[in-house]
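**Q** Here you go, one structure.
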Amino acid sequence: MKFSIASRVSAAIAAMVFLTGCEQKDQTPVAAVPDTEVRTLGMGQHLQRHSTLTQINKDTVKRLVPVWNYSLSDKRGQESQPLVIDGVMYVTTHKSTIALNPLTGKQVWKHEIDYPPQTPRIVCCGIVNRGAAIDGNKLFRTTLDAHVLALDLETGKEVWKKEAIDFKTGYSMTVTPLIANGVVITGMSGGEYGTRGFLDGWDPETGERLWRRYTTAAPDEPGGDTWPGDTAMAGGGPTWLTGSYDPELDLVYWGTGNGGPWNAEFRKGDNLYITSVLAMRPKTGELIWYYQFSPNDPYDYDGVNELVMAELEVDGKPRKIIMQANRNGFFYVLDRETGELLKANAFVRQNWAEGIDMKTGRPIESEITKHMRATSEKVEIWPSALGGKNWMPMSYDPERKMVFANTLNFGWTYKPLQPSYRAGVFYMAVDWAFVFSEEQRGYLKAIDPLTGETKWQQGSKIPSFSGTLNTAGGLVFSGAMTGEFQAFDSDTGDKLWEFQTGSGIIGQPITWAKDGRQYVTIASGIGGAYVLFSGDERLASVPAGGSLWTFALMDD
Ligand code: CA
């Protein structure tokens, strides 16, 4: 087992030399800043995106300035989370993988993917890549043409490349692989194209596929009776965001997406295992338990959002939990040993359900949803297909027991249509349009995971699709679609600092430390689903162009 954030205090002397030049509170002993790496997606296996570093804090953040900027030579959206391991930073774009010196921003190596010319137009919601995973001397990533790639960590040279599936039938891959118990696990995208979702486990050394688990149950499999006929075989359940892994329980948790087509009357039944969390053994892909968030989901409420692990007292009892801010507008807390539903509360405006029945774990559908199902008439549903929260990862502060998430505040009109399947073409069978009736289309929220209640919120007219990061320095980092990288007060939500990065931010901030100095890194580069589908004219003046920024405190 490998801990995700390695901390060493060997830099204590260097830290003290540095800190003597900084502002300090009277009588407050200054802690050494241990070297701190970012070895995995989510800044740790729990995916909490929480750092114990405090050099950059509520008082000092006003002195945060850029240290370097690196051009990603790419006009597409930049959603990749960088890694910092053994003195090297690694970052991906949809077409390249880059190693650079984290202190100077100077490139060490770069690997480019040669894509077939028809690749980009197959992808639904933005030409992106969300990052790499590293194990031993190899880096693993996925490609838009549905391959998994292993690169030599030292040189960037290709070690192996395996096709997961033929991309021409609507599949693609943007997901960060997960390393669990010596297996490289990858998901796929393409839930809007009549695909059949799956997860693959790969041997890191050879690239041999060890197992595949489909996420829709075939007619002869357990759960197959939750689909009419053979509808499961193009039934969706994509796995396009990375799961989490608990090494003590040896369980991988992975969320699945919408059923296909969106029009659910065509696939009457619960449709196992769409919009679910699957708890699996990483060595075999064996399903240990599952929980389905939105049975027979008609609204594209993918259940793929990050599954954050924590230890929480729930109703007086300590529990090992996973939590998820689901696209369907409810915040779920589950026991991660058993899959028992512990809490499910709305965290955004929603009208598709009255609530979640805590006995059965099933949503209680609202009169509006019942009416739509009964009549196929046009209805207005909140949240929209993009959900109460989309892919942009939230962070969890274990001291404040709060989640910080960029949430969405718009709905959509929805009318089911007769489906017709064509390979590689959008397969939704719904006439839809966004409803932007609120001035604030998004809120950065501090959410109590046990109640779903908002402790504070910061509204934005253009919603943010940035991940968040929180620190023991009392800060929440986030980014705006208009380019500002921002720091907020964890306790009040007050904006304490911002810096214009030149293009829109839809990335995943990280913080790390080296030689006594704390750094914050974020990719900038506008793109993604909101830009593609919102028609928001205010974004016309935000230039494209990917780059990586790293910040630290001014010396004095
Ligand atoms: Ca979807």
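All residue names refer to the structure tokens as shown: chains lettered A, B, ... in order, residues numbered from 1 in each chain, ligands numbered from 1 in order.
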Do you know which residues are within 6 Å of ligand 1 using only C-alpha atoms and all ligand atoms? Can you write them as a list in words?
**A**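 These are the residues that qualify: Gly191, Glu192, Gly257, Asn258, Asp300 and Asp302 of chain A.
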**Q** Mind dumping the selected residues with C-alpha atoms as an mmCIF file, in the first residue's frame?
**A**
```cif
data_model
loop_
_atom_site.group_PDB
_atom_site.id
_atom_site.type_symbol
_atom_site.label_atom_id
_atom_site.label_comp_id
_atom_site.auth_asym_id
_atom_site.auth_seq_id
_atom_site.Cartn_x
_atom_site.Cartn_y
_atom_site.Cartn_z
ATOM 1 C CA GLY A 191 -23.488 7.273 -22.067
ATOM 2 C CA GLU A 192 -25.275 9.473 -24.601
ATOM 3 C CA GLY A 257 -24.073 7.038 -15.201
ATOM 4 C CA ASN A 258 -27.398 7.451 -16.931
ATOM 5 C CA ASP A 300 -29.430 11.973 -17.195
ATOM 6 C CA ASP A 302 -25.396 10.211 -13.742
#
```
**Q** Residues of region 438-517 of chain A classed as strand (DSSP E or B) by DSSP on the backbone are to be reported as a PDB file with N, CA and C atoms, in the first residue's frame.
**A**
```
ATOM      1  N   GLY A 442     -24.976  29.429 -10.417  1.00  0.00           N
ATOM      2  CA  GLY A 442     -24.195  28.473  -9.632  1.00  0.00           C
ATOM      3  C   GLY A 442     -23.847  29.058  -8.281  1.00  0.00           C
ATOM      4  N   TYR A 443     -23.566  28.168  -7.338  1.00  0.00           N
ATOM      5  CA  TYR A 443     -23.118  28.594  -6.012  1.00  0.00           C
ATOM      6  C   TYR A 443     -21.953  27.713  -5.570  1.00  0.00           C
ATOM      7  N   LEU A 444     -20.900  28.352  -5.071  1.00  0.00           N
ATOM      8  CA  LEU A 444     -19.922  27.623  -4.274  1.00  0.00           C
ATOM      9  C   LEU A 444     -20.534  27.498  -2.887  1.00  0.00           C
ATOM     10  N   LYS A 445     -20.713  26.264  -2.434  1.00  0.00           N
ATOM     11  CA  LYS A 445     -21.418  26.048  -1.166  1.00  0.00           C
ATOM     12  C   LYS A 445     -20.549  25.291  -0.182  1.00  0.00           C
ATOM     13  N   ALA A 446     -20.710  25.667   1.108  1.00  0.00           N
ATOM     14  CA  ALA A 446     -20.228  24.833   2.211  1.00  0.00           C
ATOM     15  C   ALA A 446     -21.422  24.025   2.681  1.00  0.00           C
ATOM     16  N   ILE A 447     -21.322  22.709   2.537  1.00  0.00           N
ATOM     17  CA  ILE A 447     -22.464  21.820   2.779  1.00  0.00           C
ATOM     18  C   ILE A 447     -22.160  20.885   3.948  1.00  0.00           C
ATOM     19  N   THR A 454     -26.803  24.175   3.685  1.00  0.00           N
ATOM     20  CA  THR A 454     -25.747  25.082   3.264  1.00  0.00           C
ATOM     21  C   THR A 454     -25.340  25.957   4.431  1.00  0.00           C
ATOM     22  N   LYS A 455     -24.048  25.935   4.789  1.00  0.00           N
ATOM     23  CA  LYS A 455     -23.571  26.810   5.861  1.00  0.00           C
ATOM     24  C   LYS A 455     -23.300  28.200   5.310  1.00  0.00           C
ATOM     25  N   TRP A 456     -22.684  28.290   4.154  1.00  0.00           N
ATOM     26  CA  TRP A 456     -22.540  29.555   3.441  1.00  0.00           C
ATOM     27  C   TRP A 456     -22.524  29.274   1.952  1.00  0.00           C
ATOM     28  N   GLN A 457     -22.779  30.304   1.157  1.00  0.00           N
ATOM     29  CA  GLN A 457     -22.686  30.125  -0.289  1.00  0.00           C
ATOM     30  C   GLN A 457     -22.244  31.421  -0.946  1.00  0.00           C
ATOM     31  N   GLN A 458     -21.564  31.243  -2.070  1.00  0.00           N
ATOM     32  CA  GLN A 458     -21.116  32.372  -2.895  1.00  0.00           C
ATOM     33  C   GLN A 458     -21.720  32.162  -4.277  1.00  0.00           C
ATOM     34  N   GLY A 459     -22.608  33.056  -4.686  1.00  0.00           N
ATOM     35  CA  GLY A 459     -23.258  32.908  -5.981  1.00  0.00           C
ATOM     36  C   GLY A 459     -22.384  33.382  -7.121  1.00  0.00           C
ATOM     37  N   SER A 460     -22.609  32.790  -8.315  1.00  0.00           N
ATOM     38  CA  SER A 460     -21.951  33.309  -9.512  1.00  0.00           C
ATOM     39  C   SER A 460     -22.920  33.237 -10.689  1.00  0.00           C
ATOM     40  N   LEU A 469     -10.477  22.784  -3.465  1.00  0.00           N
ATOM     41  CA  LEU A 469      -9.402  22.287  -2.609  1.00  0.00           C
ATOM     42  C   LEU A 469      -9.560  23.026  -1.291  1.00  0.00           C
ATOM     43  N   ASN A 470      -9.433  22.345  -0.148  1.00  0.00           N
ATOM     44  CA  ASN A 470      -9.474  23.087   1.113  1.00  0.00           C
ATOM     45  C   ASN A 470      -8.240  22.762   1.944  1.00  0.00           C
ATOM     46  N   THR A 471      -7.841  23.723   2.777  1.00  0.00           N
ATOM     47  CA  THR A 471      -6.604  23.574   3.548  1.00  0.00           C
ATOM     48  C   THR A 471      -6.846  23.886   5.019  1.00  0.00           C
ATOM     49  N   LEU A 475      -8.695  27.882   4.069  1.00  0.00           N
ATOM     50  CA  LEU A 475      -8.967  28.384   2.725  1.00  0.00           C
ATOM     51  C   LEU A 475      -9.637  27.320   1.859  1.00  0.00           C
ATOM     52  N   VAL A 476     -10.503  27.810   0.964  1.00  0.00           N
ATOM     53  CA  VAL A 476     -11.070  26.972  -0.094  1.00  0.00           C
ATOM     54  C   VAL A 476     -10.636  27.587  -1.419  1.00  0.00           C
ATOM     55  N   PHE A 477      -9.954  26.810  -2.243  1.00  0.00           N
ATOM     56  CA  PHE A 477      -9.549  27.288  -3.569  1.00  0.00           C
ATOM     57  C   PHE A 477     -10.545  26.797  -4.611  1.00  0.00           C
ATOM     58  N   SER A 478     -10.840  27.685  -5.576  1.00  0.00           N
ATOM     59  CA  SER A 478     -11.760  27.354  -6.660  1.00  0.00           C
ATOM     60  C   SER A 478     -11.395  28.250  -7.837  1.00  0.00           C
ATOM     61  N   GLY A 479     -12.041  28.020  -8.983  1.00  0.00           N
ATOM     62  CA  GLY A 479     -11.760  28.849 -10.147  1.00  0.00           C
ATOM     63  C   GLY A 479     -13.034  29.227 -10.866  1.00  0.00           C
ATOM     64  N   GLU A 484     -10.628  33.663 -13.224  1.00  0.00           N
ATOM     65  CA  GLU A 484     -10.046  34.013 -11.925  1.00  0.00           C
ATOM     66  C   GLU A 484      -9.825  32.760 -11.082  1.00  0.00           C
ATOM     67  N   PHE A 485      -8.611  32.604 -10.596  1.00  0.00           N
ATOM     68  CA  PHE A 485      -8.322  31.586  -9.579  1.00  0.00           C
ATOM     69  C   PHE A 485      -8.539  32.253  -8.234  1.00  0.00           C
ATOM     70  N   GLN A 486      -9.275  31.593  -7.333  1.00  0.00           N
ATOM     71  CA  GLN A 486      -9.806  32.283  -6.159  1.00  0.00           C
ATOM     72  C   GLN A 486      -9.556  31.506  -4.879  1.00  0.00           C
ATOM     73  N   ALA A 487      -9.426  32.254  -3.771  1.00  0.00           N
ATOM     74  CA  ALA A 487      -9.365  31.643  -2.445  1.00  0.00           C
ATOM     75  C   ALA A 487     -10.463  32.248  -1.577  1.00  0.00           C
ATOM     76  N   PHE A 488     -11.216  31.384  -0.912  1.00  0.00           N
ATOM     77  CA  PHE A 488     -12.325  31.794  -0.046  1.00  0.00           C
ATOM     78  C   PHE A 488     -12.039  31.372   1.393  1.00  0.00           C
ATOM     79  N   ASP A 489     -12.636  32.120   2.319  1.00  0.00           N
ATOM     80  CA  ASP A 489     -12.538  31.793   3.744  1.00  0.00           C
ATOM     81  C   ASP A 489     -13.418  30.567   4.027  1.00  0.00           C
ATOM     82  N   LYS A 495     -14.556  36.010  -0.142  1.00  0.00           N
ATOM     83  CA  LYS A 495     -13.460  35.871  -1.104  1.00  0.00           C
ATOM     84  C   LYS A 495     -12.266  36.682  -0.615  1.00  0.00           C
ATOM     85  N   LEU A 496     -11.125  36.014  -0.438  1.00  0.00           N
ATOM     86  CA  LEU A 496      -9.947  36.661   0.147  1.00  0.00           C
ATOM     87  C   LEU A 496      -8.898  37.010  -0.895  1.00  0.00           C
ATOM     88  N   TRP A 497      -8.951  36.369  -2.071  1.00  0.00           N
ATOM     89  CA  TRP A 497      -7.859  36.542  -3.043  1.00  0.00           C
ATOM     90  C   TRP A 497      -8.326  36.041  -4.391  1.00  0.00           C
ATOM     91  N   GLU A 498      -7.847  36.674  -5.453  1.00  0.00           N
ATOM     92  CA  GLU A 498      -8.043  36.087  -6.777  1.00  0.00           C
ATOM     93  C   GLU A 498      -6.969  36.569  -7.745  1.00  0.00           C
ATOM     94  N   PHE A 499      -6.786  35.796  -8.792  1.00  0.00           N
ATOM     95  CA  PHE A 499      -5.767  36.096  -9.794  1.00  0.00           C
ATOM     96  C   PHE A 499      -6.298  35.647 -11.149  1.00  0.00           C
ATOM     97  N   GLN A 500      -6.163  36.502 -12.152  1.00  0.00           N
ATOM     98  CA  GLN A 500      -6.665  36.203 -13.496  1.00  0.00           C
ATOM     99  C   GLN A 500      -5.656  35.336 -14.262  1.00  0.00           C
ATOM    100  N   ILE A 510      -4.518  21.855  -6.683  1.00  0.00           N
ATOM    101  CA  ILE A 510      -3.785  21.046  -5.696  1.00  0.00           C
ATOM    102  C   ILE A 510      -2.864  21.965  -4.902  1.00  0.00           C
ATOM    103  N   THR A 511      -2.453  21.500  -3.729  1.00  0.00           N
ATOM    104  CA  THR A 511      -1.405  22.195  -2.997  1.00  0.00           C
ATOM    105  C   THR A 511      -0.370  21.170  -2.547  1.00  0.00           C
ATOM    106  N   TRP A 512       0.879  21.629  -2.464  1.00  0.00           N
ATOM    107  CA  TRP A 512       1.987  20.739  -2.151  1.00  0.00           C
ATOM    108  C   TRP A 512       3.090  21.612  -1.562  1.00  0.00           C
ATOM    109  N   ALA A 513       4.165  20.985  -1.065  1.00  0.00           N
ATOM    110  CA  ALA A 513       5.244  21.773  -0.458  1.00  0.00           C
ATOM    111  C   ALA A 513       6.587  21.148  -0.770  1.00  0.00           C
ATOM    112  N   LYS A 514       7.570  22.019  -0.921  1.00  0.00           N
ATOM    113  CA  LYS A 514       8.934  21.567  -1.205  1.00  0.00           C
ATOM    114  C   LYS A 514       9.911  22.570  -0.601  1.00  0.00           C
ATOM    115  N   ARG A 517       8.452  25.522   1.410  1.00  0.00           N
ATOM    116  CA  ARG A 517       7.555  26.471   0.774  1.00  0.00           C
ATOM    117  C   ARG A 517       6.298  25.746   0.287  1.00  0.00           C
TER     118      ARG A 517
END
```
**Q** Tell me, counting only C-alpha atoms, for each residue of region 92-136 of chain A within 10 Å of region 156-161 of chain A, which pair of atoms is nearest and how far apart they are in Å to one decimal, in rows ordered by chain and increasing number, as a Markdown table.
**A**
```
| residue | atom | partner | partner_atom | distance |
| --- | --- | --- | --- | --- |
| A:Thr97 | CA | A:Gly156 | CA | 7.9 |
| A:Ile98 | CA | A:Gly156 | CA | 8.0 |
| A:Ala99 | CA | A:Gly156 | CA | 7.9 |
| A:Val108 | CA | A:Gly156 | CA | 9.1 |
| A:Trp109 | CA | A:Gly156 | CA | 6.2 |
| A:Lys110 | CA | A:Gly156 | CA | 6.5 |
| A:His111 | CA | A:Gly156 | CA | 5.9 |
| A:Glu112 | CA | A:Gly156 | CA | 9.5 |
```
**Q** Let's have the selection written as a CSV table (one decimal), in the first residue's frame, with N, CA, C and O atoms.
**A**
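out-v1.csv, freshly written:
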```
chain,number,residue,atom,x,y,z
A,97,THR,N,1.0,14.2,-22.5
A,97,THR,CA,1.3,14.0,-21.1
A,97,THR,C,2.7,14.7,-20.9
A,97,THR,O,3.6,14.5,-21.7
A,98,ILE,N,2.8,15.4,-19.8
A,98,ILE,CA,4.0,16.3,-19.6
A,98,ILE,C,4.5,16.0,-18.2
A,98,ILE,O,3.8,16.0,-17.2
A,99,ALA,N,5.9,15.9,-18.1
A,99,ALA,CA,6.6,16.0,-16.8
A,99,ALA,C,7.3,17.3,-16.8
A,99,ALA,O,8.0,17.7,-17.8
A,108,VAL,N,10.4,18.6,-18.5
A,108,VAL,CA,11.4,17.5,-18.4
A,108,VAL,C,11.2,16.6,-19.6
A,108,VAL,O,12.1,16.2,-20.3
A,109,TRP,N,9.9,16.1,-19.9
A,109,TRP,CA,9.6,15.4,-21.1
A,109,TRP,C,8.1,15.6,-21.5
A,109,TRP,O,7.3,16.1,-20.6
A,110,LYS,N,7.8,15.3,-22.7
A,110,LYS,CA,6.4,15.4,-23.2
A,110,LYS,C,6.1,14.3,-24.1
A,110,LYS,O,6.9,14.0,-25.0
A,111,HIS,N,5.0,13.7,-23.9
A,111,HIS,CA,4.6,12.6,-24.8
A,111,HIS,C,3.3,13.0,-25.5
A,111,HIS,O,2.3,13.5,-24.9
A,112,GLU,N,3.3,12.8,-26.9
A,112,GLU,CA,2.1,13.3,-27.6
A,112,GLU,C,1.3,12.0,-28.2
A,112,GLU,O,2.0,11.1,-28.6
```
**Q** Please, what distance in Å, to one decimal, runs between CA of Arg141 (chain A) and CA of Pro177 (chain A)?
**A** 6.2 Å
**Q** Which residue is closest to Thr242 (chain A)? Choose from A:Ser534, A:Ser189, A:Thr451, A:Ser96 and count only C-alpha atoms.
**A**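 Of the candidates, the smallest distance to Thr242 (chain A) is held by A:Ser189.
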**Q** Could you give me, as JSON lines, a per-residue list for region 279-393 of chain A showing, wherever an atom lies at most 12 Å from an atom of region 216-236 of chain A, the closest pair of atoms and their distance in Å to one decimal, using only C-alpha atoms and sorting by chain then residue number from low to high?
**A**
```
{"residue": "A:Leu287", "atom": "CA", "partner": "A:Pro222", "partner_atom": "CA", "distance": 11.2}
{"residue": "A:Tyr290", "atom": "CA", "partner": "A:Gly223", "partner_atom": "CA", "distance": 11.6}
{"residue": "A:Pro295", "atom": "CA", "partner": "A:Thr226", "partner_atom": "CA", "distance": 9.7}
{"residue": "A:Asn296", "atom": "CA", "partner": "A:Thr226", "partner_atom": "CA", "distance": 9.1}
{"residue": "A:Asp297", "atom": "CA", "partner": "A:Gly236", "partner_atom": "CA", "distance": 11.1}
{"residue": "A:Pro298", "atom": "CA", "partner": "A:Gly236", "partner_atom": "CA", "distance": 11.9}
{"residue": "A:Asp300", "atom": "CA", "partner": "A:Gly236", "partner_atom": "CA", "distance": 10.2}
{"residue": "A:Tyr301", "atom": "CA", "partner": "A:Gly236", "partner_atom": "CA", "distance": 11.9}
{"residue": "A:Asp302", "atom": "CA", "partner": "A:Gly236", "partner_atom": "CA", "distance": 9.9}
{"residue": "A:Gly303", "atom": "CA", "partner": "A:Gly236", "partner_atom": "CA", "distance": 11.9}
```
**Q** Using only C-alpha atoms, which of the listed residues (A:Glu537, A:Lys378, A:Gly424, A:Asn326) sits closest to Ala405 (chain A)?
**A**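 Between A:Glu537, A:Lys378, A:Gly424, A:Asn326, the residue approaching Ala405 (chain A) most closely is A:Asn326.
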**Q** Could you pull the residues within 6 Å of Gly329 (chain A), counting only C-alpha atoms, minus those fewer than 5 positions along the same chain, as a compact mmCIF listing (two decimals) with all heavy atoms, in the first residue's frame?
**A**
```txt
# COMPACT_ATOMS: atom_id res chain seq x y z
N ALA A 346 -31.52 16.89 0.02
CA ALA A 346 -31.33 17.79 -1.12
C ALA A 346 -30.29 18.85 -0.75
O ALA A 346 -30.32 19.39 0.36
CB ALA A 346 -32.65 18.44 -1.51
N PHE A 347 -29.39 19.15 -1.68
CA PHE A 347 -28.39 20.20 -1.44
C PHE A 347 -28.53 21.34 -2.44
O PHE A 347 -27.78 22.32 -2.37
CB PHE A 347 -26.96 19.63 -1.45
CG PHE A 347 -26.49 19.12 -2.79
CD1 PHE A 347 -25.67 19.91 -3.60
CD2 PHE A 347 -26.86 17.87 -3.26
CE1 PHE A 347 -25.22 19.46 -4.83
CE2 PHE A 347 -26.43 17.41 -4.50
CZ PHE A 347 -25.62 18.20 -5.28
N VAL A 348 -29.45 21.24 -3.38
CA VAL A 348 -29.75 22.30 -4.35
C VAL A 348 -31.26 22.30 -4.59
O VAL A 348 -31.97 21.41 -4.13
CB VAL A 348 -29.03 22.04 -5.70
CG1 VAL A 348 -27.52 22.23 -5.59
CG2 VAL A 348 -29.39 20.66 -6.24
N GLY A 388 -27.29 18.90 -10.06
CA GLY A 388 -27.07 19.85 -8.98
C GLY A 388 -25.58 20.10 -8.78
O GLY A 388 -25.16 21.12 -8.24
```
**Q** To one decimal place in Å, what is the distance between CA of Val183 (chain A) and CA of Met280 (chain A)?
**A**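 Rounded to one decimal, the two atoms are 12.4 Å apart.
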**Q** Of the candidates A:Gly87, A:Gly507, A:Gly473, A:Pro82, which shows the shortest atom-to-atom distance to Trp391 (chain A), using only C-alpha atoms?
**A** A:Gly507
**Q** So, with only C-alpha atoms as the atoms that count, which of A:Pro509, A:Gly502, A:Pro66, A:Gly44 lies closest to Pro393 (chain A)?
**A**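 Nearest to Pro393 (chain A): A:Pro509.
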**Q** From a backbone DSSP assignment, name each residue in region 493-552 of chain A labelled helix (DSSP H, G or I), as number ranges by chain.
**A** A: 529-533, 537-541
**Q** Selection from above, all heavy atoms, as a compact mmCIF listing (two decimals), in the first residue's frame, can you write it?
**A**
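Ended up saving to out_28.txt:
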```
# COMPACT_ATOMS: atom_id res chain seq x y z
N ALA A 529 -18.78 20.93 -20.81
CA ALA A 529 -20.18 20.79 -21.20
C ALA A 529 -20.94 22.12 -21.17
O ALA A 529 -21.75 22.40 -22.06
CB ALA A 529 -20.87 19.78 -20.29
N TYR A 530 -20.71 22.95 -20.16
CA TYR A 530 -21.46 24.21 -20.07
C TYR A 530 -21.14 25.11 -21.25
O TYR A 530 -22.03 25.73 -21.84
CB TYR A 530 -21.15 24.91 -18.74
CG TYR A 530 -21.94 26.20 -18.57
CD1 TYR A 530 -23.25 26.18 -18.11
CD2 TYR A 530 -21.35 27.44 -18.86
CE1 TYR A 530 -23.98 27.35 -17.96
CE2 TYR A 530 -22.07 28.62 -18.69
CZ TYR A 530 -23.37 28.57 -18.25
OH TYR A 530 -24.09 29.74 -18.10
N VAL A 531 -19.87 25.18 -21.61
CA VAL A 531 -19.47 26.02 -22.74
C VAL A 531 -20.12 25.50 -24.03
O VAL A 531 -20.60 26.28 -24.86
CB VAL A 531 -17.93 26.03 -22.89
CG1 VAL A 531 -17.49 26.82 -24.12
CG2 VAL A 531 -17.29 26.61 -21.64
N LEU A 532 -20.18 24.18 -24.17
CA LEU A 532 -20.71 23.59 -25.40
C LEU A 532 -22.21 23.79 -25.54
O LEU A 532 -22.71 24.02 -26.64
CB LEU A 532 -20.41 22.08 -25.41
CG LEU A 532 -19.00 21.66 -25.80
CD1 LEU A 532 -18.85 20.15 -25.58
CD2 LEU A 532 -18.71 22.01 -27.25
N PHE A 533 -22.95 23.67 -24.43
CA PHE A 533 -24.41 23.55 -24.53
C PHE A 533 -25.19 24.73 -23.98
O PHE A 533 -26.39 24.84 -24.20
CB PHE A 533 -24.88 22.28 -23.82
CG PHE A 533 -24.32 21.01 -24.40
CD1 PHE A 533 -23.60 20.12 -23.63
CD2 PHE A 533 -24.52 20.71 -25.74
CE1 PHE A 533 -23.08 18.95 -24.17
CE2 PHE A 533 -24.01 19.55 -26.30
CZ PHE A 533 -23.29 18.67 -25.51
N GLU A 537 -23.55 33.72 -23.83
CA GLU A 537 -22.77 34.64 -24.67
C GLU A 537 -21.69 35.38 -23.89
O GLU A 537 -20.76 35.93 -24.47
CB GLU A 537 -23.71 35.64 -25.35
CG GLU A 537 -24.61 34.96 -26.38
CD GLU A 537 -25.66 35.91 -26.94
OE1 GLU A 537 -25.67 37.09 -26.53
OE2 GLU A 537 -26.45 35.45 -27.78
N ARG A 538 -21.83 35.41 -22.58
CA ARG A 538 -20.82 36.12 -21.77
C ARG A 538 -19.46 35.44 -21.85
O ARG A 538 -18.44 36.04 -21.50
CB ARG A 538 -21.29 36.18 -20.31
CG ARG A 538 -22.53 37.03 -20.13
CD ARG A 538 -23.13 36.86 -18.77
NE ARG A 538 -23.64 35.50 -18.54
CZ ARG A 538 -24.30 35.11 -17.46
NH1 ARG A 538 -24.55 35.97 -16.50
NH2 ARG A 538 -24.73 33.88 -17.34
N LEU A 539 -19.44 34.17 -22.31
CA LEU A 539 -18.17 33.46 -22.39
C LEU A 539 -17.43 33.74 -23.69
O LEU A 539 -16.29 33.31 -23.86
CB LEU A 539 -18.39 31.96 -22.22
CG LEU A 539 -18.92 31.56 -20.84
CD1 LEU A 539 -19.20 30.07 -20.78
CD2 LEU A 539 -17.93 31.96 -19.75
N ALA A 540 -18.09 34.47 -24.61
CA ALA A 540 -17.46 34.74 -25.91
C ALA A 540 -16.16 35.53 -25.74
O ALA A 540 -15.25 35.43 -26.57
CB ALA A 540 -18.43 35.50 -26.81
N SER A 541 -16.07 36.31 -24.67
CA SER A 541 -14.87 37.13 -24.47
C SER A 541 -13.81 36.44 -23.63
O SER A 541 -12.81 37.08 -23.26
CB SER A 541 -15.27 38.45 -23.81
OG SER A 541 -15.89 38.19 -22.57
```
**Q** Identify, on the basis of only C-alpha atoms, every residue whose closest approach to Thr338 (chain A) does not exceed 10 Å; exclude the query and any residue fewer than 3 positions from it along the same chain; express the result as a ChimeraX atom specification.
**A** /A:279,288-291,320-321,334-335,341
**Q** At a cut-off of 10 Å, using only C-alpha atoms, what residues contact Phe167 (chain A)? Leave out same-chain residues fewer than 6 positions from it and give the result as JSON, numbers by chain.
**A** {"A": [118, 119, 122, 123, 144, 145, 146, 147, 173, 189, 190, 424]}
**Q** Suppose we keep N, CA, C and O atoms; can you now write the selection as an mmCIF file, in the first residue's frame?
**A**
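This went into out.cif:
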```
data_model
loop_
_atom_site.group_PDB
_atom_site.id
_atom_site.type_symbol
_atom_site.label_atom_id
_atom_site.label_comp_id
_atom_site.auth_asym_id
_atom_site.auth_seq_id
_atom_site.Cartn_x
_atom_site.Cartn_y
_atom_site.Cartn_z
ATOM 1 N N GLN A 118 -10.798 11.173 -37.074
ATOM 2 C CA GLN A 118 -12.221 11.263 -36.735
ATOM 3 C C GLN A 118 -12.485 11.266 -35.236
ATOM 4 O O GLN A 118 -13.632 11.346 -34.812
ATOM 5 N N THR A 119 -11.461 11.215 -34.385
ATOM 6 C CA THR A 119 -11.679 11.057 -32.951
ATOM 7 C C THR A 119 -12.505 12.177 -32.309
ATOM 8 O O THR A 119 -13.510 11.881 -31.672
ATOM 9 N N ILE A 122 -16.510 12.516 -31.956
ATOM 10 C CA ILE A 122 -17.250 11.434 -31.308
ATOM 11 C C ILE A 122 -17.587 11.803 -29.851
ATOM 12 O O ILE A 122 -18.470 11.229 -29.250
ATOM 13 N N VAL A 123 -16.887 12.762 -29.282
ATOM 14 C CA VAL A 123 -16.981 12.994 -27.841
ATOM 15 C C VAL A 123 -18.127 13.937 -27.490
ATOM 16 O O VAL A 123 -18.309 14.977 -28.112
ATOM 17 N N LEU A 144 -8.818 9.654 -25.803
ATOM 18 C CA LEU A 144 -10.136 9.895 -26.383
ATOM 19 C C LEU A 144 -10.567 8.776 -27.321
ATOM 20 O O LEU A 144 -11.761 8.535 -27.500
ATOM 21 N N ASP A 145 -9.597 8.088 -27.938
ATOM 22 C CA ASP A 145 -9.968 6.971 -28.810
ATOM 23 C C ASP A 145 -9.953 5.643 -28.042
ATOM 24 O O ASP A 145 -9.734 4.581 -28.628
ATOM 25 N N ALA A 146 -10.241 5.733 -26.733
ATOM 26 C CA ALA A 146 -10.564 4.572 -25.892
ATOM 27 C C ALA A 146 -9.411 3.581 -25.748
ATOM 28 O O ALA A 146 -9.609 2.368 -25.831
ATOM 29 N N HIS A 147 -8.212 4.116 -25.547
ATOM 30 C CA HIS A 147 -7.058 3.282 -25.215
ATOM 31 C C HIS A 147 -6.567 3.623 -23.804
ATOM 32 O O HIS A 147 -6.801 4.722 -23.293
ATOM 33 N N MET A 173 -12.659 7.902 -23.743
ATOM 34 C CA MET A 173 -12.135 7.813 -22.372
ATOM 35 C C MET A 173 -11.451 9.123 -21.998
ATOM 36 O O MET A 173 -10.572 9.598 -22.722
ATOM 37 N N SER A 189 -16.413 6.690 -21.224
ATOM 38 C CA SER A 189 -17.443 7.699 -21.465
ATOM 39 C C SER A 189 -18.253 7.274 -22.680
ATOM 40 O O SER A 189 -17.823 6.428 -23.469
ATOM 41 N N GLY A 190 -19.418 7.900 -22.839
ATOM 42 C CA GLY A 190 -20.236 7.620 -24.022
ATOM 43 C C GLY A 190 -21.662 7.234 -23.691
ATOM 44 O O GLY A 190 -22.341 6.610 -24.518
ATOM 45 N N GLY A 424 -22.871 5.319 -32.766
ATOM 46 C CA GLY A 424 -21.984 6.470 -32.716
ATOM 47 C C GLY A 424 -22.689 7.819 -32.776
ATOM 48 O O GLY A 424 -22.034 8.851 -32.884
#
```
